[in-house]
Amino acid sequence: MNKEIERKFAIKYWPENIKIEKVEQIEQAFLYADANTNIRIRRMQVKDKLEYIYTVKTKGDTLLVAKHSRN
Amino acid sequence: MTKKITNKITKTRIVVPIQNNLKVEIDVYYDYLQDFLTAEVEFPNEEQAAQFKKPDWLGEEIGYKEFSNLRLSCMKKEEFRNKVSEEVLNHNKKIIEKLSILIKLDISNK
């Protein structure tokens, strides 16, 4: 499992000349959640590549359970 | 207590590299979370997270758990609007308009 260490911020302004590495279109929902665990399903599109991802997160750790990709 | 999750979250994620091989994931939300905008940085360890000096264009830190995607997916529109002020959403709208020109986002409700 991978432990996630993240910080989240608001955006003050969009800087000039900033490089954009990639753009992803995401739809997601949760199938299950309790105090310790949640199960997320996600549809992610990057240009012509489409991925369906099923992820289990438990107490800060993330386990990728299944991923299906198609172009 | 288990929760039944019903809301689908739709967003555009823009990935931007910054210093020290870090990346910022900017999420632009739609539907009942329209004009919500967040920037998330993921760190390889706790030390780097604690020592992080954010670029000037990033604003105040948002409660990570309070606005996690899990929490957002449980919210109704009214609850979301009570948590995030009109002022913040209007501020975000201007940034999203700039972004949409850059990456041809669809900024209308999806």
# chains A, B, ... in the order shown; residues from 1 in each chain; ligands from 1
$ interface_residues --of "chain B" --to "chain A" --cutoff "6 Å" --atoms "only C-alpha atoms" --output "list of chain:residue names"
B:Thr2, B:Lys3, B:Ile5, B:Lys8, B:Ile9, B:Thr10, B:Lys11, B:Thr12, B:Arg13, B:Ile14, B:Val15, B:Val16, B:Thr38, B:Ala39, B:Glu40, B:Val41, B:Glu42, B:Phe43, B:Trp57, B:Leu58, B:Gly59, B:Glu60, B:Glu61, B:Ile62, B:Tyr64
$ select_by_dssp --residues "segment 29-104 of chain B" --states "helix (DSSP H, G or I)" --output "number ranges by chain"
B: 31-33, 46-51, 69-74, 77-83, 86-103
$ atom_distance --atom1 "atom CA of Glu25 of chain B" --atom2 "atom CA of Glu78 of chain B"
26.1 Å
$ decode --residues "segment 2-93 of chain B" --atoms "C-alpha atoms" --output "PDB file, in the first residue's frame"
ATOM      1  CA  THR B   2     -21.032   3.448   7.376  1.00  0.00           C
ATOM      2  CA  LYS B   3     -22.044   5.999   4.790  1.00  0.00           C
ATOM      3  CA  LYS B   4     -23.985   5.476   1.657  1.00  0.00           C
ATOM      4  CA  ILE B   5     -22.282   7.550  -1.005  1.00  0.00           C
ATOM      5  CA  THR B   6     -24.516   8.812  -3.740  1.00  0.00           C
ATOM      6  CA  ASN B   7     -22.886  11.795  -5.434  1.00  0.00           C
ATOM      7  CA  LYS B   8     -20.680  11.514  -8.459  1.00  0.00           C
ATOM      8  CA  ILE B   9     -17.891  14.073  -8.593  1.00  0.00           C
ATOM      9  CA  THR B  10     -16.873  15.421 -11.978  1.00  0.00           C
ATOM     10  CA  LYS B  11     -13.688  17.436 -12.312  1.00  0.00           C
ATOM     11  CA  THR B  12     -10.866  18.428 -14.571  1.00  0.00           C
ATOM     12  CA  ARG B  13      -7.410  17.896 -13.146  1.00  0.00           C
ATOM     13  CA  ILE B  14      -4.522  20.016 -14.378  1.00  0.00           C
ATOM     14  CA  VAL B  15      -1.060  18.799 -13.385  1.00  0.00           C
ATOM     15  CA  VAL B  16       1.670  21.419 -13.038  1.00  0.00           C
ATOM     16  CA  PRO B  17       5.305  20.724 -12.065  1.00  0.00           C
ATOM     17  CA  ILE B  18       6.913  22.945  -9.390  1.00  0.00           C
ATOM     18  CA  GLN B  19      10.152  22.941  -7.415  1.00  0.00           C
ATOM     19  CA  ASN B  20      11.929  19.862  -6.046  1.00  0.00           C
ATOM     20  CA  ASN B  21      10.236  17.467  -8.491  1.00  0.00           C
ATOM     21  CA  LEU B  22       6.886  18.153  -6.875  1.00  0.00           C
ATOM     22  CA  LYS B  23       3.644  18.496  -8.775  1.00  0.00           C
ATOM     23  CA  VAL B  24       0.510  20.457  -8.109  1.00  0.00           C
ATOM     24  CA  GLU B  25      -2.781  18.872  -9.066  1.00  0.00           C
ATOM     25  CA  ILE B  26      -5.345  21.598  -9.688  1.00  0.00           C
ATOM     26  CA  ASP B  27      -8.903  20.298  -9.589  1.00  0.00           C
ATOM     27  CA  VAL B  28     -11.701  22.239 -11.269  1.00  0.00           C
ATOM     28  CA  TYR B  29     -15.073  20.923 -10.113  1.00  0.00           C
ATOM     29  CA  TYR B  30     -18.480  20.899 -11.873  1.00  0.00           C
ATOM     30  CA  ASP B  31     -22.177  20.259 -11.197  1.00  0.00           C
ATOM     31  CA  TYR B  32     -23.162  20.904  -7.555  1.00  0.00           C
ATOM     32  CA  LEU B  33     -19.511  21.819  -6.815  1.00  0.00           C
ATOM     33  CA  GLN B  34     -19.363  24.312  -9.684  1.00  0.00           C
ATOM     34  CA  ASP B  35     -16.505  26.853  -9.324  1.00  0.00           C
ATOM     35  CA  PHE B  36     -14.814  24.951  -6.541  1.00  0.00           C
ATOM     36  CA  LEU B  37     -11.085  24.932  -7.165  1.00  0.00           C
ATOM     37  CA  THR B  38      -8.295  23.234  -5.213  1.00  0.00           C
ATOM     38  CA  ALA B  39      -4.558  22.710  -5.583  1.00  0.00           C
ATOM     39  CA  GLU B  40      -3.088  19.610  -4.043  1.00  0.00           C
ATOM     40  CA  VAL B  41       0.581  18.748  -3.545  1.00  0.00           C
ATOM     41  CA  GLU B  42       1.653  15.195  -2.798  1.00  0.00           C
ATOM     42  CA  PHE B  43       4.939  14.618  -0.934  1.00  0.00           C
ATOM     43  CA  PRO B  44       7.256  11.607  -0.732  1.00  0.00           C
ATOM     44  CA  ASN B  45       7.676  11.992   3.044  1.00  0.00           C
ATOM     45  CA  GLU B  46       6.428  13.933   6.095  1.00  0.00           C
ATOM     46  CA  GLU B  47       9.602  15.984   6.347  1.00  0.00           C
ATOM     47  CA  GLN B  48       9.260  17.409   2.874  1.00  0.00           C
ATOM     48  CA  ALA B  49       5.592  18.124   3.499  1.00  0.00           C
ATOM     49  CA  ALA B  50       6.399  20.067   6.684  1.00  0.00           C
ATOM     50  CA  GLN B  51       9.211  22.072   5.035  1.00  0.00           C
ATOM     51  CA  PHE B  52       7.283  22.895   1.879  1.00  0.00           C
ATOM     52  CA  LYS B  53       7.377  26.557   0.849  1.00  0.00           C
ATOM     53  CA  LYS B  54       4.433  27.072  -1.416  1.00  0.00           C
ATOM     54  CA  PRO B  55       4.749  29.130  -4.617  1.00  0.00           C
ATOM     55  CA  ASP B  56       3.236  32.598  -4.404  1.00  0.00           C
ATOM     56  CA  TRP B  57       0.260  31.695  -6.587  1.00  0.00           C
ATOM     57  CA  LEU B  58      -1.022  29.165  -4.063  1.00  0.00           C
ATOM     58  CA  GLY B  59      -3.337  30.591  -1.430  1.00  0.00           C
ATOM     59  CA  GLU B  60      -4.263  29.547   2.057  1.00  0.00           C
ATOM     60  CA  GLU B  61      -4.215  25.933   3.072  1.00  0.00           C
ATOM     61  CA  ILE B  62      -7.569  24.169   2.926  1.00  0.00           C
ATOM     62  CA  GLY B  63      -8.592  21.599   5.510  1.00  0.00           C
ATOM     63  CA  TYR B  64      -7.596  18.374   3.805  1.00  0.00           C
ATOM     64  CA  LYS B  65     -10.202  16.219   5.528  1.00  0.00           C
ATOM     65  CA  GLU B  66     -12.901  18.867   5.490  1.00  0.00           C
ATOM     66  CA  PHE B  67     -12.740  19.120   1.695  1.00  0.00           C
ATOM     67  CA  SER B  68     -11.637  15.626   0.837  1.00  0.00           C
ATOM     68  CA  ASN B  69     -13.352  14.086  -2.185  1.00  0.00           C
ATOM     69  CA  LEU B  70     -15.089  11.687   0.156  1.00  0.00           C
ATOM     70  CA  ARG B  71     -16.569  14.567   2.165  1.00  0.00           C
ATOM     71  CA  LEU B  72     -17.460  16.456  -0.998  1.00  0.00           C
ATOM     72  CA  SER B  73     -19.258  13.441  -2.428  1.00  0.00           C
ATOM     73  CA  CYS B  74     -21.398  13.262   0.718  1.00  0.00           C
ATOM     74  CA  MET B  75     -22.415  16.915   0.586  1.00  0.00           C
ATOM     75  CA  LYS B  76     -25.582  18.371  -0.803  1.00  0.00           C
ATOM     76  CA  LYS B  77     -25.332  21.589  -2.774  1.00  0.00           C
ATOM     77  CA  GLU B  78     -26.746  23.642   0.090  1.00  0.00           C
ATOM     78  CA  GLU B  79     -24.175  22.298   2.543  1.00  0.00           C
ATOM     79  CA  PHE B  80     -21.373  22.992   0.070  1.00  0.00           C
ATOM     80  CA  ARG B  81     -22.608  26.564  -0.462  1.00  0.00           C
ATOM     81  CA  ASN B  82     -22.660  27.085   3.297  1.00  0.00           C
ATOM     82  CA  LYS B  83     -19.051  25.949   3.577  1.00  0.00           C
ATOM     83  CA  VAL B  84     -17.626  27.872   0.620  1.00  0.00           C
ATOM     84  CA  SER B  85     -18.478  31.559   0.320  1.00  0.00           C
ATOM     85  CA  GLU B  86     -19.800  33.283  -2.787  1.00  0.00           C
ATOM     86  CA  GLU B  87     -16.701  35.476  -2.663  1.00  0.00           C
ATOM     87  CA  VAL B  88     -14.395  32.471  -2.968  1.00  0.00           C
ATOM     88  CA  LEU B  89     -16.442  30.967  -5.791  1.00  0.00           C
ATOM     89  CA  ASN B  90     -16.448  34.278  -7.697  1.00  0.00           C
ATOM     90  CA  HIS B  91     -12.689  34.542  -7.227  1.00  0.00           C
ATOM     91  CA  ASN B  92     -12.283  31.001  -8.531  1.00  0.00           C
ATOM     92  CA  LYS B  93     -14.542  31.688 -11.503  1.00  0.00           C
TER      93      LYS B  93
END
